[in-house]
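Right, one structure below, let's go through it.
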Amino acid sequence: MLSYQGNETAGTEQRKILVIGNSESLNDALSGYAIQLAQRMKYDLFVVSVMPQGEGSTSAAAVSGAARYHETLKSLRNFKQKAAGKDVHCDHDIRFGEISAVADAVLHTVRRIEFVVTDSEHTKTQLSEDVTIPVFSLSSNQLHPEGKPMTRETKQQRNDEIKKTIGYGLITAALYGCVFWNADKVMSYFTKGGLYAALPVATVFIFSFAHGAFASNFWSLMGIKPMKKDALQPSVGKTVTQTKKVQKRPRAYAYVNPFHKI
Amino acid sequence: MNLDAVQFIDLTVVNISFLFFLGFIGGLVSGFIGSGGAFVLTPGMMSLGVPGTVAVASNMCHKFPKSMIGAIKRYKYGQVDIKLGLYMAISAGVGVQIGIKFQQLVLEKWGQVGSNLYVSLSFVTILIIVGGYVFYDALKSSAGDGKEKTSALAKKLQAIHLPPMIHFKRADITISFWFTVPVGLATGMLAATIAVGGFIGVPGMIYVLGASSIFASATELVIAFVMGFAGTVNWAMHGMVDIRLVLIILGGSLFGVQLGAIGTTYVKESMIKIVMSVLMLIVAVSRLLALPKYLTELKVLSFESSTILILERISFITMCIALMTGAAIILVSMWKGRKPAVSLEQSFGKA
């Protein structure tokens, strides 16, 4: 078990931030955020990576568990290195078990931890049940340092859109080419009337599906997409009313001692 | 080209560009308010030398696939009540037949000029009354929180239990079948008279049946599809459809109708009413300018032929202005409606 060797100033221990998560969650976003926060607040960091209990019960699991352990250790060392680069003291530890039990144990052994930082809302909820100090989690956009919300389209989606637009565009162009290349012949058949009425009707149906799909993908590619009203409902209708709490005003009581100066 | 010069025009780059652009703008307006894009196309085609019947037939043939694509798009956004659309379309189909019969009666009694005068007068009267009311209502609701309230008339009619009562699930209205019929008939009659049934269909669904303007405008696309399809089959059986013109207009309008449909998700509901009423009022002015011609022909008033020619041109330009104004309002409101999304994204980024 690792003993804490943080900054000690004039006999008092430095305040600390506990950064807790599993091996995958100790990523750049979390480390960047925690280090920046510690630097700004002049706190130390105590980073704990939690691994599930019981890894190593079988030989295969033991091998994979050992590999994960080394990986985690590596990521913790990276964390520490980064913190050192920003002049932030950082200690780390790997512990096994439930995250909330580990956090509880750490808080009892390491002194002056002021608050906890974790990677997700889910972990925060888990911790909040057992941990009495404040727990903060990184919101989704902080996992995307470039500031992209999670709902934004991925590169794959955009590539698909480009492919679809080009595909439907080519089909549409080919259909237009067919009609206008032989405009005279097309017109002579299409204007015969009677049962030939099916020709223009069928043609516009085919064109509208191909060209409609092309136009739809085209606008989508241009970034013109329908707005989700639910997500962007303005709060115009909602009025915040101040609730008046009836509070008992403290009353001053005078006590007169009837036996005073008797 | 060896085409019949009387019936089918030769296409030039200018013609093609003009029709494509007109199709796009018309599609944009139709996708947004459910109808209204087609009224410029018939005179637009005629201004290029296309005979009236071919222009009407080709306009009809482009209208139904455009409405279909628009309806599919808006159905995906949950704005279309197909059941309401079909009920309305059936009664509108009957309305078209009544409208045609009525116009034939007018034609027999007062001749072509009388018929034209009847069309223009009904155009002006209906557009000014309905358009004026819709505009007033749109201003009233946009001055508030932009949300719509069911009209008092619709509430009263919904409260009357006259069997069969029909529940339109998507539009979330329950109303007697007998109240849907007059709205459908009026839509069809107007469509037969001025070719734009939506100018009565959409306000009818809003103020008489109690549907929201988003649902009314989207459902109007279903009505336009059914009626356009039936009309196209009729015209195509007479060999009047110029498929080249149809495909050029369709090329532009399928871009427009989808943009208009997307636009409805960016704006307040009252914006649909504003665009529709502005369009209706400007078109009314345009038809008002055409009245002197018919009145002169009927010898009720006398105007110089040069004055009539100028007024006719101004009338067509005014119609184009109406369409352009509608398109401009849609695009500007889409641009403005886009801003909260951007700021929301930015605020996420900053958080």
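Chain labels follow the order of the structure tokens: the first chain is A, the next B, and so on; residue numbering restarts at 1 in every chain, and ligands are counted from 1 in their shown order.
Residue-level contacts from chain B to chain A at 6 Å, counting only C-alpha atoms, read Ala236, Met237, His238, Gly239, Leu254, Phe255, Ile262, Thr265 and Gly349 of chain B.
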Suppose we keep C-alpha atoms; can you now write the selection as a tab-separated table (two decimals), in the first residue's frame?
chain	number	residue	atom	x	y	z
B	236	ALA	CA	-52.16	13.28	-68.86
B	237	MET	CA	-54.99	11.23	-70.40
B	238	HIS	CA	-55.57	14.22	-72.65
B	239	GLY	CA	-51.83	14.35	-73.45
B	254	LEU	CA	-37.81	19.31	-54.56
B	255	PHE	CA	-34.91	21.32	-53.15
B	262	ILE	CA	-37.00	21.79	-42.44
B	265	THR	CA	-38.83	23.07	-37.24
B	349	GLY	CA	-18.45	24.17	-25.53
Range 9-191 of chain B: residues DSSP assigns to strand (DSSP E or B), reported as a list in words: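 DSSP-assigned strand (DSSP E or B) residues in range 9-191 of chain B: Met165, Ile166, His167, Phe168, Ile173, Thr174, Ile175 and Ser176 of chain B.
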Grab the residues selected above and save them as a short mmCIF file (atom, residue, chain, number, x, y, z; two decimals), in the first residue's frame with N, CA and C atoms.
data_model
loop_
_atom_site.label_atom_id
_atom_site.label_comp_id
_atom_site.auth_asym_id
_atom_site.auth_seq_id
_atom_site.Cartn_x
_atom_site.Cartn_y
_atom_site.Cartn_z
N MET B 165 -68.46 11.04 -34.84
CA MET B 165 -67.36 11.86 -34.33
C MET B 165 -66.05 11.17 -34.73
N ILE B 166 -65.12 11.94 -35.19
CA ILE B 166 -63.85 11.35 -35.64
C ILE B 166 -62.70 11.92 -34.82
N HIS B 167 -61.86 11.00 -34.37
CA HIS B 167 -60.68 11.45 -33.63
C HIS B 167 -59.46 11.40 -34.55
N PHE B 168 -58.80 12.53 -34.71
CA PHE B 168 -57.58 12.58 -35.50
C PHE B 168 -56.42 12.57 -34.51
N ILE B 173 -57.30 16.09 -32.39
CA ILE B 173 -58.60 16.77 -32.38
C ILE B 173 -59.70 15.72 -32.58
N THR B 174 -60.82 15.98 -31.92
CA THR B 174 -62.00 15.13 -32.13
C THR B 174 -63.13 16.04 -32.56
N ILE B 175 -63.63 15.77 -33.75
CA ILE B 175 -64.67 16.64 -34.31
C ILE B 175 -65.61 15.81 -35.17
N SER B 176 -66.83 16.32 -35.30
CA SER B 176 -67.81 15.60 -36.12
C SER B 176 -67.37 15.60 -37.59
#
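Interatomic distance, CA of Gly97 in chain A to CA of Arg15 in chain A: 25.5 Å.
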Contacts of Ile17 in chain A at 12 Å (only C-alpha atoms; same-chain gap of 3+ positions) as a ChimeraX atom specification: /A:6,14,20,31,33-48,88-92,103,106-107,110-118,133-136
Please write the residues from the selection above to a file, keeping N, CA and C atoms, as a CSV table (one decimal), in the first residue's frame.
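Output file selection24.csv is given in full below:
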chain,number,residue,atom,x,y,z
A,6,GLY,N,3.0,13.7,0.3
A,6,GLY,CA,2.8,15.0,-0.3
A,6,GLY,C,3.5,16.2,0.3
A,14,GLN,N,-0.9,19.2,3.0
A,14,GLN,CA,-1.5,19.9,1.9
A,14,GLN,C,-2.9,19.4,1.6
A,20,ILE,N,-10.6,9.6,-8.9
A,20,ILE,CA,-10.9,8.2,-8.9
A,20,ILE,C,-11.6,7.7,-10.1
A,31,SER,N,-7.3,13.7,-16.7
A,31,SER,CA,-6.1,14.1,-16.1
A,31,SER,C,-5.9,15.6,-16.3
A,33,TYR,N,-8.1,17.9,-16.8
A,33,TYR,CA,-9.0,18.7,-15.9
A,33,TYR,C,-8.5,18.7,-14.5
A,34,ALA,N,-8.2,17.6,-13.9
A,34,ALA,CA,-7.8,17.5,-12.5
A,34,ALA,C,-6.5,18.2,-12.3
A,35,ILE,N,-5.5,18.1,-13.2
A,35,ILE,CA,-4.2,18.8,-13.0
A,35,ILE,C,-4.4,20.3,-13.0
A,36,GLN,N,-5.2,20.7,-14.0
A,36,GLN,CA,-5.5,22.2,-14.1
A,36,GLN,C,-6.2,22.7,-12.8
A,37,LEU,N,-7.1,22.0,-12.4
A,37,LEU,CA,-7.9,22.4,-11.1
A,37,LEU,C,-6.9,22.4,-9.9
A,38,ALA,N,-6.1,21.4,-9.8
A,38,ALA,CA,-5.1,21.3,-8.7
A,38,ALA,C,-4.1,22.5,-8.8
A,39,GLN,N,-3.7,22.7,-10.0
A,39,GLN,CA,-2.7,23.8,-10.2
A,39,GLN,C,-3.3,25.2,-9.8
A,40,ARG,N,-4.6,25.4,-10.2
A,40,ARG,CA,-5.3,26.6,-9.9
A,40,ARG,C,-5.5,26.8,-8.4
A,41,MET,N,-5.9,25.7,-7.8
A,41,MET,CA,-6.3,25.8,-6.3
A,41,MET,C,-5.1,25.5,-5.4
A,42,LYS,N,-4.0,25.2,-6.0
A,42,LYS,CA,-2.7,24.9,-5.3
A,42,LYS,C,-3.0,23.7,-4.3
A,43,TYR,N,-3.6,22.6,-4.9
A,43,TYR,CA,-3.9,21.4,-4.1
A,43,TYR,C,-2.9,20.3,-4.7
A,44,ASP,N,-2.8,19.2,-3.9
A,44,ASP,CA,-2.1,18.0,-4.4
A,44,ASP,C,-3.2,17.1,-5.0
A,45,LEU,N,-2.7,16.1,-5.7
A,45,LEU,CA,-3.6,15.1,-6.3
A,45,LEU,C,-3.3,13.8,-5.7
A,46,PHE,N,-4.4,13.0,-5.5
A,46,PHE,CA,-4.3,11.7,-5.1
A,46,PHE,C,-5.1,10.8,-6.1
A,47,VAL,N,-4.4,10.1,-7.0
A,47,VAL,CA,-5.1,9.4,-8.1
A,47,VAL,C,-5.2,7.9,-7.7
A,48,VAL,N,-6.5,7.4,-7.8
A,48,VAL,CA,-6.7,6.0,-7.5
A,48,VAL,C,-7.4,5.4,-8.7
A,88,VAL,N,2.5,20.1,-10.1
A,88,VAL,CA,1.5,19.7,-9.1
A,88,VAL,C,1.9,18.3,-8.6
A,89,HIS,N,1.9,18.3,-7.2
A,89,HIS,CA,2.3,17.0,-6.6
A,89,HIS,C,1.2,16.0,-6.8
A,90,CYS,N,1.6,14.8,-7.2
A,90,CYS,CA,0.6,13.7,-7.4
A,90,CYS,C,1.1,12.4,-6.9
A,91,ASP,N,0.2,11.7,-6.2
A,91,ASP,CA,0.5,10.3,-5.7
A,91,ASP,C,-0.6,9.5,-6.4
A,92,HIS,N,-0.2,8.2,-6.5
A,92,HIS,CA,-1.2,7.3,-7.1
A,92,HIS,C,-1.2,6.0,-6.5
A,103,ALA,N,-13.2,4.3,-2.5
A,103,ALA,CA,-13.2,5.7,-2.2
A,103,ALA,C,-13.3,5.9,-0.6
A,106,VAL,N,-10.1,5.0,1.0
A,106,VAL,CA,-9.0,6.1,0.8
A,106,VAL,C,-9.3,7.3,1.7
A,107,LEU,N,-10.5,7.7,1.8
A,107,LEU,CA,-10.9,8.9,2.6
A,107,LEU,C,-10.5,8.7,4.0
A,110,VAL,N,-6.2,8.5,3.8
A,110,VAL,CA,-5.4,9.7,3.4
A,110,VAL,C,-6.1,10.9,3.9
A,111,ARG,N,-5.3,11.8,4.5
A,111,ARG,CA,-5.9,12.9,5.2
A,111,ARG,C,-6.1,14.1,4.2
A,112,ARG,N,-6.9,15.0,4.6
A,112,ARG,CA,-7.2,16.3,3.9
A,112,ARG,C,-7.6,16.2,2.5
A,113,ILE,N,-8.4,15.2,2.1
A,113,ILE,CA,-9.0,15.2,0.8
A,113,ILE,C,-10.2,16.1,0.8
A,114,GLU,N,-10.2,17.1,0.0
A,114,GLU,CA,-11.3,18.1,0.1
A,114,GLU,C,-12.5,17.7,-0.8
A,115,PHE,N,-12.2,17.2,-2.0
A,115,PHE,CA,-13.3,16.7,-2.8
A,115,PHE,C,-12.8,15.7,-3.8
A,116,VAL,N,-13.8,15.1,-4.5
A,116,VAL,CA,-13.5,14.0,-5.4
A,116,VAL,C,-13.8,14.4,-6.8
A,117,VAL,N,-12.9,14.0,-7.7
A,117,VAL,CA,-13.2,14.2,-9.2
A,117,VAL,C,-13.2,12.9,-9.8
A,118,THR,N,-14.3,12.6,-10.6
A,118,THR,CA,-14.4,11.4,-11.4
A,118,THR,C,-14.8,11.6,-12.8
A,133,ILE,N,-17.9,13.9,1.2
A,133,ILE,CA,-17.4,15.1,0.7
A,133,ILE,C,-17.9,15.3,-0.8
A,134,PRO,N,-17.8,16.5,-1.3
A,134,PRO,CA,-18.3,16.8,-2.7
A,134,PRO,C,-17.7,15.9,-3.7
A,135,VAL,N,-18.5,15.4,-4.7
A,135,VAL,CA,-18.0,14.7,-5.8
A,135,VAL,C,-18.4,15.4,-7.1
A,136,PHE,N,-17.4,15.6,-7.9
A,136,PHE,CA,-17.6,16.3,-9.2
A,136,PHE,C,-17.3,15.3,-10.4
From A:Pro52, A:Gly167, A:Gly223, A:Gly32, residue lying nearest Ile99 in chain A [only C-alpha atoms]: A:Pro52
Distance criterion (only C-alpha atoms): nearest to Asn234 in chain B out of B:Met60, B:Gly52, B:Ile33, B:Val40: B:Met60
Met271 in chain B surroundings by only C-alpha atoms, 8 Å radius, close-in-sequence under 4 positions cut, as a count of residues only: 5
Residues flagged alpha helix (DSSP H) by DSSP in range 141-281 of chain B, as a PyMOL selection string: chain B and resi 141-143+152-159+177-194+198-204+213-237+243-263+270-281
Just-selected residues, C-alpha atoms written as an mmCIF file, in the first residue's frame:
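The new file part10.cif reads:
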data_model
loop_
_atom_site.group_PDB
_atom_site.id
_atom_site.type_symbol
_atom_site.label_atom_id
_atom_site.label_comp_id
_atom_site.auth_asym_id
_atom_site.auth_seq_id
_atom_site.Cartn_x
_atom_site.Cartn_y
_atom_site.Cartn_z
ATOM 1 C CA SER B 141 -50.161 35.271 -31.138
ATOM 2 C CA SER B 142 -46.624 36.419 -32.008
ATOM 3 C CA ALA B 143 -47.087 39.386 -29.668
ATOM 4 C CA ALA B 152 -63.343 29.791 -30.080
ATOM 5 C CA LEU B 153 -65.235 28.525 -33.156
ATOM 6 C CA ALA B 154 -63.238 25.287 -33.246
ATOM 7 C CA LYS B 155 -63.834 24.757 -29.515
ATOM 8 C CA LYS B 156 -67.585 25.215 -30.001
ATOM 9 C CA LEU B 157 -67.685 22.858 -32.975
ATOM 10 C CA GLN B 158 -65.593 20.234 -31.182
ATOM 11 C CA ALA B 159 -68.060 20.354 -28.298
ATOM 12 C CA PHE B 177 -67.324 14.346 -39.686
ATOM 13 C CA TRP B 178 -69.964 16.860 -40.812
ATOM 14 C CA PHE B 179 -67.728 19.790 -39.871
ATOM 15 C CA THR B 180 -64.791 18.466 -41.885
ATOM 16 C CA VAL B 181 -66.921 18.263 -45.036
ATOM 17 C CA PRO B 182 -67.582 22.004 -45.586
ATOM 18 C CA VAL B 183 -63.878 22.798 -45.052
ATOM 19 C CA GLY B 184 -62.921 20.156 -47.618
ATOM 20 C CA LEU B 185 -65.593 21.308 -50.072
ATOM 21 C CA ALA B 186 -64.470 24.930 -49.786
ATOM 22 C CA THR B 187 -60.853 23.859 -50.315
ATOM 23 C CA GLY B 188 -61.807 21.974 -53.465
ATOM 24 C CA MET B 189 -64.004 24.760 -54.792
ATOM 25 C CA LEU B 190 -61.221 27.292 -54.309
ATOM 26 C CA ALA B 191 -58.752 24.917 -55.923
ATOM 27 C CA ALA B 192 -61.034 24.613 -58.944
ATOM 28 C CA THR B 193 -61.424 28.383 -59.115
ATOM 29 C CA ILE B 194 -57.989 29.816 -58.322
ATOM 30 C CA GLY B 198 -54.589 25.654 -49.449
ATOM 31 C CA PHE B 199 -55.465 29.308 -48.965
ATOM 32 C CA ILE B 200 -58.785 28.120 -47.551
ATOM 33 C CA GLY B 201 -57.809 24.578 -46.530
ATOM 34 C CA VAL B 202 -55.081 25.583 -44.075
ATOM 35 C CA PRO B 203 -57.029 28.390 -42.330
ATOM 36 C CA GLY B 204 -60.093 26.102 -42.360
ATOM 37 C CA SER B 213 -50.905 25.654 -37.978
ATOM 38 C CA ILE B 214 -47.964 23.206 -38.094
ATOM 39 C CA PHE B 215 -50.377 20.269 -38.524
ATOM 40 C CA ALA B 216 -52.719 22.147 -40.845
ATOM 41 C CA SER B 217 -49.926 23.220 -43.200
ATOM 42 C CA ALA B 218 -48.336 19.751 -43.223
ATOM 43 C CA THR B 219 -51.667 17.966 -43.701
ATOM 44 C CA GLU B 220 -52.469 20.306 -46.590
ATOM 45 C CA LEU B 221 -49.584 18.637 -48.434
ATOM 46 C CA VAL B 222 -51.473 15.319 -48.268
ATOM 47 C CA ILE B 223 -54.570 16.997 -49.713
ATOM 48 C CA ALA B 224 -52.457 18.624 -52.450
ATOM 49 C CA PHE B 225 -50.908 15.239 -53.265
ATOM 50 C CA VAL B 226 -54.252 13.432 -53.609
ATOM 51 C CA MET B 227 -55.858 16.207 -55.618
ATOM 52 C CA GLY B 228 -52.758 16.812 -57.712
ATOM 53 C CA PHE B 229 -52.486 13.126 -58.528
ATOM 54 C CA ALA B 230 -56.108 12.880 -59.635
ATOM 55 C CA GLY B 231 -55.764 16.076 -61.683
ATOM 56 C CA THR B 232 -52.548 14.891 -63.310
ATOM 57 C CA VAL B 233 -54.059 11.585 -64.414
ATOM 58 C CA ASN B 234 -56.930 13.532 -65.948
ATOM 59 C CA TRP B 235 -54.656 15.972 -67.816
ATOM 60 C CA ALA B 236 -52.165 13.281 -68.859
ATOM 61 C CA MET B 237 -54.988 11.231 -70.399
ATOM 62 C CA ILE B 243 -42.770 16.345 -69.018
ATOM 63 C CA ARG B 244 -39.725 18.532 -69.761
ATOM 64 C CA LEU B 245 -41.264 21.541 -68.014
ATOM 65 C CA VAL B 246 -42.440 19.311 -65.165
ATOM 66 C CA LEU B 247 -38.988 17.861 -64.577
ATOM 67 C CA ILE B 248 -37.257 21.240 -64.679
ATOM 68 C CA ILE B 249 -39.693 22.742 -62.166
ATOM 69 C CA LEU B 250 -39.508 19.585 -60.076
ATOM 70 C CA GLY B 251 -35.709 19.876 -60.083
ATOM 71 C CA GLY B 252 -35.979 23.190 -58.226
ATOM 72 C CA SER B 253 -39.090 22.504 -56.185
ATOM 73 C CA LEU B 254 -37.810 19.307 -54.559
ATOM 74 C CA PHE B 255 -34.907 21.321 -53.148
ATOM 75 C CA GLY B 256 -37.323 24.046 -52.057
ATOM 76 C CA VAL B 257 -40.009 21.869 -50.511
ATOM 77 C CA GLN B 258 -37.501 20.070 -48.289
ATOM 78 C CA LEU B 259 -35.904 23.328 -47.190
ATOM 79 C CA GLY B 260 -39.361 24.704 -46.382
ATOM 80 C CA ALA B 261 -40.242 21.550 -44.434
ATOM 81 C CA ILE B 262 -37.000 21.791 -42.437
ATOM 82 C CA GLY B 263 -37.788 25.479 -41.898
ATOM 83 C CA SER B 270 -47.217 31.839 -35.717
ATOM 84 C CA MET B 271 -44.602 32.309 -38.451
ATOM 85 C CA ILE B 272 -46.531 29.911 -40.721
ATOM 86 C CA LYS B 273 -49.589 32.125 -40.383
ATOM 87 C CA ILE B 274 -47.556 35.272 -41.044
ATOM 88 C CA VAL B 275 -46.019 33.885 -44.256
ATOM 89 C CA MET B 276 -49.365 32.580 -45.472
ATOM 90 C CA SER B 277 -51.278 35.771 -44.753
ATOM 91 C CA VAL B 278 -48.625 38.078 -46.243
ATOM 92 C CA LEU B 279 -48.630 35.947 -49.369
ATOM 93 C CA MET B 280 -52.426 35.972 -49.561
ATOM 94 C CA LEU B 281 -52.674 39.743 -49.136
#
